[in-house]
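Asks: The following file, input37.tsv, comprises TSV, C-alpha atoms:
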```tsv
chain	number	residue	atom	x	y	z
A	167	MET	CA	-47.94	13.89	42.58
A	168	LEU	CA	-47.67	10.35	41.31
A	169	GLU	CA	-50.47	9.23	43.64
A	170	PHE	CA	-52.86	9.21	40.74
A	171	LEU	CA	-50.89	6.31	39.31
A	172	ASP	CA	-51.88	4.30	42.39
A	173	ASP	CA	-55.45	4.42	41.15
A	174	ILE	CA	-54.35	2.73	37.95
A	175	LYS	CA	-52.40	0.03	39.77
A	176	ARG	CA	-55.49	-0.85	41.81
A	177	MET	CA	-57.74	-1.29	38.77
A	178	ASN	CA	-58.40	-4.75	37.41
A	179	LYS	CA	-58.41	-5.64	33.70
A	180	ARG	CA	-62.05	-4.78	33.08
A	181	GLN	CA	-61.73	-1.37	34.71
A	182	LEU	CA	-58.63	-0.60	32.66
A	183	VAL	CA	-60.49	-1.50	29.48
A	184	TYR	CA	-63.37	0.72	30.62
A	185	GLN	CA	-61.01	3.65	31.24
A	186	ALA	CA	-59.57	3.27	27.73
A	187	LEU	CA	-63.08	3.04	26.28
A	188	ASN	CA	-64.10	6.14	28.23
A	189	PHE	CA	-61.27	8.04	26.57
A	190	GLY	CA	-62.24	6.56	23.21
A	191	MET	CA	-65.85	7.61	23.70
A	192	ILE	CA	-64.94	11.23	24.41
A	193	VAL	CA	-62.79	11.34	21.27
A	194	SER	CA	-65.54	9.58	19.30
A	195	SER	CA	-68.21	12.00	20.53
A	196	ALA	CA	-66.20	14.99	19.31
A	197	LEU	CA	-65.52	13.20	16.03
A	198	MET	CA	-69.17	12.24	15.49
A	199	ILE	CA	-70.36	15.78	16.22
A	200	TRP	CA	-67.89	17.09	13.64
A	201	LYS	CA	-68.89	14.50	11.03
A	202	GLY	CA	-72.55	15.15	11.81
A	203	LEU	CA	-72.01	18.87	11.15
A	204	MET	CA	-70.28	17.97	7.90
A	205	VAL	CA	-73.30	15.99	6.78
A	206	VAL	CA	-75.86	18.60	7.87
A	207	THR	CA	-74.10	21.57	6.28
A	208	GLY	CA	-72.83	19.70	3.24
A	209	SER	CA	-69.41	21.28	3.64
A	210	GLU	CA	-66.18	19.36	4.25
A	211	SER	CA	-65.14	21.92	6.88
A	212	PRO	CA	-68.23	23.39	8.49
A	213	ILE	CA	-66.31	25.63	10.94
A	214	VAL	CA	-63.26	27.66	9.88
A	215	VAL	CA	-61.13	30.31	11.56
A	216	VAL	CA	-60.35	33.60	9.78
A	217	LEU	CA	-56.57	33.67	9.49
A	218	SER	CA	-55.85	37.07	7.97
A	219	GLY	CA	-57.16	40.61	8.07
A	220	SER	CA	-58.15	40.66	4.40
A	221	MET	CA	-61.88	40.89	5.19
A	222	GLU	CA	-61.80	43.74	7.68
A	223	PRO	CA	-63.94	45.41	8.93
A	224	ALA	CA	-66.39	42.51	8.46
A	225	PHE	CA	-64.20	39.72	9.86
A	226	HIS	CA	-61.05	39.98	11.90
A	227	ARG	CA	-58.26	37.50	12.49
A	228	GLY	CA	-59.46	34.90	14.97
A	229	ASP	CA	-63.19	34.97	14.15
A	230	LEU	CA	-64.99	31.64	13.85
A	231	LEU	CA	-67.15	31.16	10.74
A	232	PHE	CA	-70.02	28.71	10.19
A	233	LEU	CA	-70.37	27.48	6.61
A	234	THR	CA	-72.94	25.68	4.51
A	235	ASN	CA	-72.49	24.20	1.09
A	236	HIS	CA	-75.85	23.02	-0.23
A	237	LYS	CA	-76.20	22.26	-3.94
A	238	GLU	CA	-79.67	23.89	-4.02
A	239	ASP	CA	-78.18	27.16	-2.78
A	240	PRO	CA	-75.89	28.42	-5.54
A	241	VAL	CA	-73.16	30.94	-4.90
A	242	ARG	CA	-74.05	34.48	-5.97
A	243	VAL	CA	-72.01	37.66	-6.44
A	244	GLY	CA	-71.55	39.42	-3.12
A	245	ASP	CA	-71.57	36.19	-1.07
A	246	ILE	CA	-68.69	35.60	1.32
A	247	VAL	CA	-67.16	32.23	0.47
A	248	VAL	CA	-64.39	30.11	1.88
A	249	PHE	CA	-62.25	28.38	-0.72
A	250	LYS	CA	-59.08	26.34	-0.91
A	251	VAL	CA	-56.65	26.81	-3.78
A	252	GLU	CA	-55.69	23.50	-5.34
A	253	GLY	CA	-52.52	22.14	-3.79
A	254	ARG	CA	-52.72	24.35	-0.70
A	255	ASP	CA	-54.44	23.46	2.55
A	256	ILE	CA	-55.15	26.94	3.85
A	257	PRO	CA	-58.79	28.08	3.60
A	258	ILE	CA	-59.25	31.65	2.39
A	259	VAL	CA	-62.28	33.78	3.26
A	260	HIS	CA	-63.14	36.36	0.56
A	261	ARG	CA	-66.11	37.84	-1.28
A	262	VAL	CA	-67.32	36.81	-4.76
A	263	LEU	CA	-66.69	39.53	-7.31
A	264	LYS	CA	-67.62	37.99	-10.66
A	265	LEU	CA	-69.53	34.86	-11.61
A	266	HIS	CA	-69.93	33.07	-14.94
A	267	GLU	CA	-72.59	30.35	-15.03
A	268	LYS	CA	-73.26	27.81	-17.77
A	269	GLU	CA	-76.57	26.08	-18.39
A	270	ASP	CA	-75.25	22.76	-17.14
A	271	GLY	CA	-74.58	24.34	-13.74
A	272	SER	CA	-70.81	24.71	-13.91
A	273	VAL	CA	-69.54	28.05	-12.61
A	274	LYS	CA	-66.43	30.23	-12.78
A	275	ILE	CA	-65.86	32.46	-9.76
A	276	LEU	CA	-63.54	35.40	-9.14
A	277	THR	CA	-63.00	36.55	-5.54
A	278	LYS	CA	-61.44	39.49	-3.74
A	279	GLY	CA	-60.87	40.31	-0.09
A	280	ASP	CA	-62.71	43.44	1.10
A	281	ASN	CA	-59.53	44.82	2.61
A	282	ASN	CA	-57.32	43.96	-0.38
A	283	SER	CA	-56.67	46.32	-3.23
A	284	VAL	CA	-56.53	43.65	-5.98
A	285	ASP	CA	-58.54	40.54	-6.77
A	286	ASP	CA	-57.36	37.07	-5.85
A	287	ARG	CA	-55.84	36.03	-9.16
A	288	GLY	CA	-52.45	36.44	-7.51
A	289	LEU	CA	-53.48	33.84	-4.91
A	290	TYR	CA	-54.75	31.19	-7.32
A	291	ALA	CA	-52.52	28.46	-8.75
A	292	PRO	CA	-50.18	29.58	-11.54
A	293	GLY	CA	-52.21	29.85	-14.75
A	294	GLN	CA	-55.54	29.66	-12.92
A	295	LEU	CA	-57.83	32.64	-13.58
A	296	TRP	CA	-61.10	31.38	-12.08
A	297	LEU	CA	-62.29	29.22	-9.20
A	298	ASN	CA	-64.51	26.18	-9.75
A	299	LYS	CA	-67.37	24.89	-7.66
A	300	LYS	CA	-65.15	22.16	-6.24
A	301	ASP	CA	-62.70	24.69	-4.79
A	302	ILE	CA	-65.44	26.26	-2.68
A	303	VAL	CA	-65.63	24.88	0.86
A	304	GLY	CA	-68.82	26.79	1.68
A	305	ARG	CA	-70.62	30.07	2.13
A	306	ALA	CA	-70.37	31.95	5.40
A	307	ARG	CA	-73.67	31.88	7.27
A	308	GLY	CA	-72.80	33.08	10.74
A	309	PHE	CA	-69.83	33.93	12.88
A	310	VAL	CA	-68.58	34.14	16.44
A	311	PRO	CA	-65.91	36.78	17.09
A	312	TYR	CA	-62.51	36.19	18.80
A	313	VAL	CA	-63.12	32.53	19.73
A	314	GLY	CA	-60.86	31.23	16.96
A	315	ILE	CA	-57.75	32.84	18.48
A	316	VAL	CA	-57.31	29.61	20.48
A	317	THR	CA	-56.93	27.64	17.24
A	318	ILE	CA	-54.44	30.17	15.84
A	319	LEU	CA	-52.40	29.96	19.06
A	320	MET	CA	-52.42	26.17	19.00
A	321	ASN	CA	-51.20	26.16	15.43
A	322	ASP	CA	-48.49	28.73	16.05
A	323	TYR	CA	-47.25	26.92	19.15
A	324	PRO	CA	-47.73	23.20	18.47
A	325	LYS	CA	-46.03	22.31	21.76
A	326	LEU	CA	-48.85	24.09	23.58
A	327	LYS	CA	-51.38	22.02	21.65
A	328	TYR	CA	-49.68	18.72	22.51
A	329	ALA	CA	-49.26	19.74	26.15
A	330	VAL	CA	-52.94	20.66	26.59
A	331	LEU	CA	-54.24	17.60	24.75
A	332	GLY	CA	-51.77	15.34	26.52
A	333	CYS	CA	-52.81	16.56	29.96
A	334	LEU	CA	-56.52	16.26	29.15
A	335	GLY	CA	-56.03	12.76	27.76
A	336	LEU	CA	-54.04	11.64	30.79
A	337	PHE	CA	-56.65	13.02	33.16
A	338	VAL	CA	-59.48	11.17	31.41
A	339	LEU	CA	-57.54	7.92	31.31
A	340	VAL	CA	-56.65	7.96	35.00
A	341	HIS	CA	-59.72	9.42	36.64
A	342	ARG	CA	-62.42	6.93	37.60
A	343	GLU	CA	-66.03	8.02	37.21
B	278	MET	CA	-43.52	-16.16	53.35
B	279	ALA	CA	-47.14	-15.57	54.43
B	280	SER	CA	-47.77	-16.29	58.09
B	281	LYS	CA	-51.06	-17.78	59.23
B	282	LYS	CA	-53.22	-16.21	61.88
B	283	VAL	CA	-56.28	-17.66	63.59
B	284	ASP	CA	-58.89	-15.00	64.37
B	285	SER	CA	-61.88	-15.11	66.66
B	286	THR	CA	-64.29	-16.69	64.19
B	287	GLY	CA	-62.10	-19.73	63.96
B	288	ASP	CA	-61.09	-19.58	60.31
B	289	SER	CA	-57.48	-18.87	59.57
B	290	THR	CA	-56.52	-16.07	57.27
B	291	SER	CA	-53.12	-15.24	55.91
B	292	SER	CA	-51.74	-11.85	56.80
B	293	LYS	CA	-51.60	-10.89	53.11
B	294	VAL	CA	-54.42	-8.34	53.71
B	295	GLU	CA	-52.24	-6.42	56.15
B	296	ASP	CA	-49.27	-6.39	53.78
B	297	GLU	CA	-51.25	-4.57	51.06
B	298	LYS	CA	-50.97	-0.80	51.12
B	299	PRO	CA	-54.15	0.76	52.55
B	300	ILE	CA	-56.24	2.63	50.03
B	301	LYS	CA	-55.77	6.37	50.24
B	302	VAL	CA	-58.06	8.75	48.41
B	303	ASP	CA	-58.83	12.43	48.35
B	304	LYS	CA	-61.47	12.58	51.06
B	305	TRP	CA	-63.23	15.48	49.37
B	306	ASP	CA	-63.58	13.65	46.05
B	307	GLY	CA	-66.96	11.92	46.28
B	308	SER	CA	-66.50	9.53	43.40
B	309	ALA	CA	-63.07	8.40	44.62
B	310	VAL	CA	-64.49	7.72	48.11
B	311	LYS	CA	-67.41	5.74	46.69
B	312	ASN	CA	-65.08	3.73	44.46
B	313	ALA	CA	-62.79	2.96	47.39
B	314	LEU	CA	-65.71	1.72	49.51
B	315	ASP	CA	-67.10	-0.33	46.61
B	316	ASP	CA	-63.69	-1.91	46.06
B	317	ALA	CA	-63.53	-2.76	49.77
B	318	VAL	CA	-66.93	-4.48	49.61
B	319	LYS	CA	-65.74	-6.43	46.57
B	320	LYS	CA	-62.62	-7.43	48.45
B	321	VAL	CA	-64.64	-8.73	51.39
B	322	PHE	CA	-66.85	-10.83	49.17
B	323	THR	CA	-64.16	-12.27	46.91
B	324	GLU	CA	-61.34	-12.72	49.40
B	325	LYS	CA	-63.06	-13.43	52.70
B	326	TYR	CA	-66.04	-15.42	51.55
B	327	LYS	CA	-64.42	-16.66	48.35
B	328	TYR	CA	-67.44	-16.00	46.15
B	329	VAL	CA	-67.01	-15.98	42.39
B	330	GLU	CA	-67.63	-12.63	40.72
B	331	ASN	CA	-70.00	-12.56	37.78
B	332	HIS	CA	-69.10	-9.91	35.24
B	333	TRP	CA	-71.98	-9.95	32.78
B	334	LEU	CA	-73.31	-6.50	33.76
B	335	MET	CA	-69.97	-4.78	33.25
B	336	ASP	CA	-69.29	-6.80	30.10
B	337	GLY	CA	-72.56	-5.60	28.59
B	338	ARG	CA	-71.51	-2.01	29.16
B	339	LEU	CA	-68.07	-2.66	27.67
B	340	ILE	CA	-69.61	-4.23	24.57
B	341	ILE	CA	-71.93	-1.27	23.94
B	342	CYS	CA	-69.03	1.16	24.33
B	343	THR	CA	-66.78	-0.89	22.06
B	344	VAL	CA	-69.41	-1.00	19.29
B	345	ALA	CA	-69.94	2.77	19.59
B	346	VAL	CA	-66.23	3.56	19.39
B	347	GLY	CA	-65.94	1.05	16.54
B	348	ALA	CA	-68.65	2.86	14.58
B	349	ALA	CA	-66.83	6.16	15.08
B	350	MET	CA	-63.49	4.72	13.98
B	351	PHE	CA	-65.10	3.13	10.94
B	352	ALA	CA	-66.60	6.50	9.96
B	353	LEU	CA	-63.19	8.13	10.37
B	354	LEU	CA	-61.48	5.51	8.22
B	355	TRP	CA	-64.13	5.54	5.50
B	356	ASP	CA	-64.11	9.30	5.28
B	357	TYR	CA	-60.33	9.25	5.01
B	358	LEU	CA	-60.40	6.74	2.16
B	359	HIS	CA	-63.38	8.24	0.28
B	360	PRO	CA	-63.39	11.98	0.96
B	361	PHE	CA	-66.60	13.83	1.54
B	362	PRO	CA	-69.08	14.09	-0.23
B	363	GLU	CA	-68.93	10.50	-1.50
B	364	SER	CA	-68.86	9.26	2.07
B	365	ARG	CA	-72.08	11.08	2.98
B	366	PRO	CA	-74.42	8.05	3.36
B	367	ILE	CA	-71.91	6.07	5.43
B	368	LEU	CA	-71.30	9.11	7.62
B	369	ILE	CA	-75.02	9.61	8.21
B	370	PHE	CA	-75.34	5.95	9.19
B	371	CYS	CA	-72.35	6.03	11.55
B	372	VAL	CA	-73.31	9.30	13.24
B	373	LEU	CA	-76.89	8.16	13.82
B	374	SER	CA	-75.84	4.75	15.07
B	375	TYR	CA	-73.29	6.33	17.42
B	376	PHE	CA	-75.86	8.57	19.07
B	377	VAL	CA	-78.41	5.75	19.22
B	378	LEU	CA	-75.80	3.61	20.98
B	379	MET	CA	-75.11	6.45	23.42
B	380	GLY	CA	-78.82	6.51	24.20
B	381	VAL	CA	-78.84	2.73	24.67
B	382	LEU	CA	-75.86	3.04	27.01
B	383	THR	CA	-77.61	5.68	29.10
B	384	LEU	CA	-80.74	3.51	29.35
B	385	TYR	CA	-78.58	0.49	30.24
B	386	THR	CA	-76.78	2.35	33.01
B	387	THR	CA	-79.93	3.92	34.41
B	388	PHE	CA	-82.33	1.01	34.34
B	389	LEU	CA	-80.30	-2.18	34.20
B	390	GLU	CA	-77.26	-1.35	36.33
B	391	LYS	CA	-78.87	0.97	38.91
B	392	GLY	CA	-75.71	1.44	40.94
B	393	ILE	CA	-74.91	-2.27	41.09
B	394	PHE	CA	-71.17	-2.76	41.28
B	395	LEU	CA	-70.90	-6.39	42.33
B	396	ILE	CA	-72.65	-9.62	41.42
B	397	ALA	CA	-71.15	-12.61	43.23
B	398	LEU	CA	-72.16	-16.25	43.12
B	399	MET	CA	-72.22	-18.34	46.24
B	400	LYS	CA	-71.50	-21.83	45.07
B	401	ASP	CA	-73.25	-24.68	46.78
B	402	PRO	CA	-70.58	-26.81	48.47
B	403	ALA	CA	-72.29	-30.01	47.42
B	404	GLY	CA	-72.22	-28.85	43.81
B	405	VAL	CA	-75.80	-30.05	43.32
B	406	ASP	CA	-77.99	-27.00	43.85
B	407	PRO	CA	-77.81	-23.92	41.59
B	408	ASP	CA	-75.74	-20.96	42.85
B	409	ASN	CA	-77.24	-18.31	45.05
B	410	THR	CA	-76.56	-14.74	43.98
B	411	TRP	CA	-75.34	-11.81	46.02
B	412	THR	CA	-75.87	-8.35	44.52
B	413	ALA	CA	-74.30	-5.21	45.97
B	414	SER	CA	-75.24	-1.70	44.90
B	415	SER	CA	-74.30	1.63	46.41
B	416	SER	CA	-74.87	5.33	46.06
B	417	LEU	CA	-73.19	8.43	47.39
B	418	LYS	CA	-74.90	11.69	46.57
B	419	ARG	CA	-72.87	14.66	45.39
B	420	PHE	CA	-71.55	16.73	48.32
B	421	ASP	CA	-73.27	14.36	50.73
B	422	ASP	CA	-71.36	12.24	53.22
B	423	THR	CA	-73.87	9.39	53.64
B	424	TYR	CA	-72.91	6.17	51.88
B	425	HIS	CA	-75.89	3.95	51.07
B	426	LEU	CA	-75.10	0.28	50.58
B	427	VAL	CA	-77.72	-2.30	49.59
B	428	LEU	CA	-76.92	-6.01	49.78
B	429	GLU	CA	-79.33	-8.35	48.03
B	430	PHE	CA	-79.46	-12.10	48.38
B	431	THR	CA	-81.30	-14.15	45.77
B	432	ASP	CA	-81.97	-17.75	46.74
B	433	ALA	CA	-81.77	-19.83	43.58
B	434	LYS	CA	-84.03	-22.57	44.89
B	435	THR	CA	-86.95	-20.47	46.10
B	436	LYS	CA	-86.20	-17.59	43.69
B	437	SER	CA	-86.89	-15.15	46.51
B	438	THR	CA	-84.89	-12.00	47.13
B	439	ARG	CA	-84.04	-10.40	50.46
B	440	ASP	CA	-82.10	-7.23	50.94
B	441	VAL	CA	-80.49	-5.28	53.72
B	442	LYS	CA	-79.48	-1.63	53.68
B	443	LEU	CA	-76.72	0.35	55.31
B	444	SER	CA	-76.63	4.14	55.39
B	445	LYS	CA	-73.74	5.67	57.27
B	446	SER	CA	-71.46	8.65	57.04
B	447	ILE	CA	-68.18	7.96	55.28
B	448	SER	CA	-66.39	9.60	58.21
B	449	CYS	CA	-66.86	6.33	60.12
B	450	TRP	CA	-64.35	4.51	57.92
B	451	PHE	CA	-61.92	7.16	56.66
B	452	ASP	CA	-59.29	8.93	58.70
B	453	GLU	CA	-58.22	12.54	58.30
B	454	ASN	CA	-55.74	11.77	55.53
B	455	GLY	CA	-58.29	9.93	53.45
B	456	THR	CA	-56.99	6.44	54.22
B	457	LEU	CA	-59.67	3.78	54.21
B	458	LEU	CA	-59.66	1.89	57.52
B	459	PHE	CA	-60.53	-1.53	56.21
B	460	ASP	CA	-60.60	-3.03	59.70
B	461	LEU	CA	-63.54	-0.80	60.62
B	462	PHE	CA	-65.43	-1.33	57.39
B	463	GLU	CA	-65.07	-5.08	57.02
B	464	PRO	CA	-66.98	-6.09	60.17
B	465	GLU	CA	-69.96	-3.96	59.13
B	466	VAL	CA	-70.10	-5.64	55.72
B	467	CYS	CA	-69.77	-9.06	57.33
B	468	LYS	CA	-72.56	-8.22	59.76
B	469	LEU	CA	-74.90	-7.39	56.86
B	470	HIS	CA	-73.87	-10.54	55.05
B	471	ASN	CA	-74.43	-12.75	58.05
B	472	SER	CA	-77.78	-11.14	58.81
B	473	LEU	CA	-79.03	-12.02	55.34
B	474	LEU	CA	-77.80	-15.60	55.70
B	475	ALA	CA	-79.38	-15.89	59.18
B	476	GLU	CA	-82.69	-14.64	57.82
B	477	LYS	CA	-82.55	-17.42	55.28
B	478	LYS	CA	-82.07	-20.03	57.98
B	479	ASN	CA	-85.00	-18.64	59.97
B	480	LYS	CA	-87.41	-18.80	57.02
```
Show this structure as C-alpha cells.
Replies:
Amino acid sequence: MLEFLDDIKRMNKRQLVYQALNFGMIVSSALMIWKGLMVVTGSESPIVVVLSGSMEPAFHRGDLLFLTNHKEDPVRVGDIVVFKVEGRDIPIVHRVLKLHEKEDGSVKILTKGDNNSVDDRGLYAPGQLWLNKKDIVGRARGFVPYVGIVTILMNDYPKLKYAVLGCLGLFVLVHRE
Amino acid sequence: MASKKVDSTGDSTSSKVEDEKPIKVDKWDGSAVKNALDDAVKKVFTEKYKYVENHWLMDGRLIICTVAVGAAMFALLWDYLHPFPESRPILIFCVLSYFVLMGVLTLYTTFLEKGIFLIALMKDPAGVDPDNTWTASSSLKRFDDTYHLVLEFTDAKTKSTRDVKLSKSISCWFDENGTLLFDLFEPEVCKLHNSLLAEKKNK
C-alpha cells in the first residue's frame, strides 16, 4: 500500500515543486470559480444550502439555492431571500412579508418562512424588529434539489469532511500526471 | 564501497546502477509507464553520457503556475481583509488574471513543450565550441501500448537538427509485475544516440 510513496522518493526537486503547485492549482481553480461567482452575482455567498424545513413545500432541507444580489434589482414583497442575522453565521431562507422603503433607498424588511406559523421577529437579534439591506445575502434565483445533503453531512460529521479532503489532497500530491 | 566493472565498450562503470531498486509501476497505468520510461531515458543521458540537463522548459512552466497560484492566494487574502463588496475590483482582476494564466499555461504546454521531457547539453571537451543540444520527447496514447520516443540532436556550429524515432510496444521493456527492465531499455536508447552521432560524422 505504501508503494505510492516510492513515486515520491524517485522525484527530483523540480518534480516535487510541480506536484505541490499542481495541488495548489486545483485549490486555486475552485477558489477562483467561487470568487468569480461572487463577483458576477454580487452576493457574498452565491450558493447556499437550505438547512431547515421552514420553506416547505417550496424548498426542502438539502436543496441548493443560487442567489443574486444586484443593487439595480431591489427586493420586493413575495421574493424569497437569504439573510444572516447579525452576530450569527447561519443563512436563513425565508420569504419577504413586509417592506418599508425610504426615498434615499434604505429599506426595512420583515420575513417569514412559508412553513412557519409566525414571522421571523423571534429569529432576529434581541430588540431588532426589521432587517436591513446589509443583512440580505441575496435573492433566490434558481435551485437544485437534494444536492446540498452532501454539505449538511460534511458539517454534521466533520471527521468525514477531513477524511475525504485529506484523501483527495494526498492523491493529487502523489500522483504524477 | 562501489566496485568497478569494465563492460564491453571499454568504459568502466560503477555497479551503483545495479544497487538501485528497479522501478516498478502499475503496468496498466499509462501515465506511470510513460513517466518510468522517460525517467529511464533521462538516467541514460545524465548518468551514462554525463550530459548536463537544462531545465528552462520546466522552469517556465513552474513560474507560470506559481504566478497563477500567487494571484489566487492574493485574492483570498485581500477578500479576507476587506470583505466583499469592497474587494470587488481586486477580485475581478485576480479572477481574470488567473484564467488568462491558465490559458497561457495550456498554450505553453501544447505549443512550446510538445511532449519534450529532457533537454541535455553535450559539452565540447575542448571547451571552445558552443554546446550541442539533445532533446528527447515522448508520447504514449491512452490505452495504447506503443511508446513513441523522438531524439533530436542540434549541432550548435551548423545549427542543423537531426532526429531519430523509436516506436515500440512497452511490453518489450516491462515484465509481468510492471518492473522496468533497464538492461533491455538502455541499449536501445544508446543505439539511437550513437546513430545520431554517427550521422553527424558522416555529414
Asks: List as a Markdown table every residue of segment 226-303 of chain A that is in contact with segment 310-326 of chain A, defined as an atom at most 10 Å from one of its atoms (using all atoms listed in the file), together with the nearest atom pair and the distance in Å rounded to one decimal, sorted by chain and then rising number.
Replies:
```
| residue | atom | partner | partner_atom | distance |
| --- | --- | --- | --- | --- |
| A:His226 | CA | A:Pro311 | CA | 7.8 |
| A:Arg227 | CA | A:Ile315 | CA | 7.6 |
| A:Gly228 | CA | A:Gly314 | CA | 4.4 |
| A:Asp229 | CA | A:Pro311 | CA | 4.4 |
| A:Leu230 | CA | A:Val310 | CA | 5.1 |
| A:Leu231 | CA | A:Val310 | CA | 6.6 |
| A:Phe232 | CA | A:Val310 | CA | 8.4 |
```
Asks: If you count all atoms listed in the file, which residues fall within 12 Å of segment 386-389 of chain B, apart from same-chain ones fewer than 4 positions away, as a VMD selection string?
Replies: chain B and resid 333 to 335 337 to 339 341 to 342 379 to 382 393 to 394 414
Asks: List the neighbours of segment 175-184 of chain A out to 12 Å using all atoms listed in the file; skip same-chain residues closer than 6 positions along the sequence, and give me the result as a count of residues only.
Replies: 36
Asks: Please determine, counting only C-alpha atoms, which residue among A:Lys237, A:Lys250, A:Lys327, A:Arg307 has the shortest atom-to-atom distance to chain B.
Replies: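 Nearest to chain B: A:Lys237.
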Asks: Hey, what's within 9 Å of segment 195-198 of chain A if we count all atoms listed in the file and toss same-chain stuff fewer than 5 positions away? As a list in words, please?
Replies: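 That gives Gly190 and Leu203 of chain A; Val346, Ala349, Met350, Ala352, Leu353, Leu368, Cys371, Val372, Leu373, Tyr375 and Phe376 of chain B.
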Asks: Please, what distance in Å, to one decimal, runs between atom CA of Ser218 of chain A and atom CA of Val248 of chain A?
Replies: 12.6 Å
Asks: From the options B:Thr323, B:Thr431, B:Thr423, B:Ser374, which residue's atoms come nearest to chain A, counting all atoms listed in the file?
Replies: B:Ser374
Asks: Expressed in Å to a single decimal, how great is the separation between atom CA of Val427 of chain B and atom CA of Gly392 of chain B?
Replies: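 Straight-line distance from atom CA of Val427 of chain B to atom CA of Gly392 of chain B works out to 9.6 Å.
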Asks: Quick check, in Å to one decimal: how far apart do atom CA of Met399 of chain B and atom CA of Tyr385 of chain B lie?
Replies: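 Atom CA of Met399 of chain B sits 25.5 Å away from atom CA of Tyr385 of chain B.
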Asks: Counting all atoms listed in the file, what is within 8 Å of Lys264 of chain A, bar same-chain residues fewer than 3 positions away, as a list in words?
Replies: Val243, Ile275, Leu276 and Thr277 of chain A
Asks: Check the smallest atom-to-atom distance from each of B:Pro360, B:Gly347, B:Gly455, B:Pro366 to Val205 of chain A using only C-alpha atoms, then report the winner.
Replies: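 Among the listed residues, the smallest separation from Val205 of chain A belongs to B:Pro366.
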Asks: Rebuild segment 229-241 of chain A so that it carries N, CA, C and O atoms, then output the result as an mmCIF file, in the frame of the given file.
Replies:
```cif
data_model
loop_
_atom_site.group_PDB
_atom_site.id
_atom_site.type_symbol
_atom_site.label_atom_id
_atom_site.label_comp_id
_atom_site.auth_asym_id
_atom_site.auth_seq_id
_atom_site.Cartn_x
_atom_site.Cartn_y
_atom_site.Cartn_z
ATOM 1 N N ASP A 229 -61.752 35.200 14.097
ATOM 2 C CA ASP A 229 -63.190 34.970 14.150
ATOM 3 C C ASP A 229 -63.492 33.558 13.676
ATOM 4 O O ASP A 229 -62.810 33.014 12.818
ATOM 5 N N LEU A 230 -64.576 32.995 14.218
ATOM 6 C CA LEU A 230 -64.990 31.640 13.850
ATOM 7 C C LEU A 230 -66.154 31.753 12.881
ATOM 8 O O LEU A 230 -67.105 32.468 13.145
ATOM 9 N N LEU A 231 -66.083 31.071 11.738
ATOM 10 C CA LEU A 231 -67.150 31.160 10.740
ATOM 11 C C LEU A 231 -67.880 29.836 10.595
ATOM 12 O O LEU A 231 -67.266 28.773 10.591
ATOM 13 N N PHE A 232 -69.223 29.911 10.440
ATOM 14 C CA PHE A 232 -70.020 28.710 10.190
ATOM 15 C C PHE A 232 -70.408 28.694 8.714
ATOM 16 O O PHE A 232 -70.923 29.675 8.206
ATOM 17 N N LEU A 233 -70.168 27.551 8.058
ATOM 18 C CA LEU A 233 -70.370 27.480 6.610
ATOM 19 C C LEU A 233 -71.440 26.468 6.253
ATOM 20 O O LEU A 233 -71.649 25.495 6.968
ATOM 21 N N THR A 234 -72.100 26.713 5.104
ATOM 22 C CA THR A 234 -72.940 25.680 4.510
ATOM 23 C C THR A 234 -72.569 25.579 3.038
ATOM 24 O O THR A 234 -72.014 26.507 2.461
ATOM 25 N N ASN A 235 -72.876 24.433 2.471
ATOM 26 C CA ASN A 235 -72.490 24.200 1.090
ATOM 27 C C ASN A 235 -73.544 23.367 0.395
ATOM 28 O O ASN A 235 -73.254 22.304 -0.136
ATOM 29 N N HIS A 236 -74.792 23.826 0.388
ATOM 30 C CA HIS A 236 -75.850 23.020 -0.230
ATOM 31 C C HIS A 236 -75.901 23.244 -1.727
ATOM 32 O O HIS A 236 -75.758 24.369 -2.205
ATOM 33 N N LYS A 237 -76.160 22.146 -2.473
ATOM 34 C CA LYS A 237 -76.200 22.260 -3.940
ATOM 35 C C LYS A 237 -77.348 23.144 -4.386
ATOM 36 O O LYS A 237 -77.262 23.828 -5.402
ATOM 37 N N GLU A 238 -78.470 23.141 -3.617
ATOM 38 C CA GLU A 238 -79.670 23.890 -4.020
ATOM 39 C C GLU A 238 -79.491 25.383 -3.803
ATOM 40 O O GLU A 238 -80.335 26.169 -4.193
ATOM 41 N N ASP A 239 -78.405 25.764 -3.134
ATOM 42 C CA ASP A 239 -78.180 27.160 -2.780
ATOM 43 C C ASP A 239 -76.963 27.677 -3.530
ATOM 44 O O ASP A 239 -75.867 27.694 -2.982
ATOM 45 N N PRO A 240 -77.108 28.096 -4.780
ATOM 46 C CA PRO A 240 -75.890 28.420 -5.540
ATOM 47 C C PRO A 240 -75.224 29.691 -5.039
ATOM 48 O O PRO A 240 -75.859 30.554 -4.443
ATOM 49 N N VAL A 241 -73.931 29.779 -5.302
ATOM 50 C CA VAL A 241 -73.160 30.940 -4.900
ATOM 51 C C VAL A 241 -73.537 32.117 -5.789
ATOM 52 O O VAL A 241 -73.702 31.966 -6.998
#
```
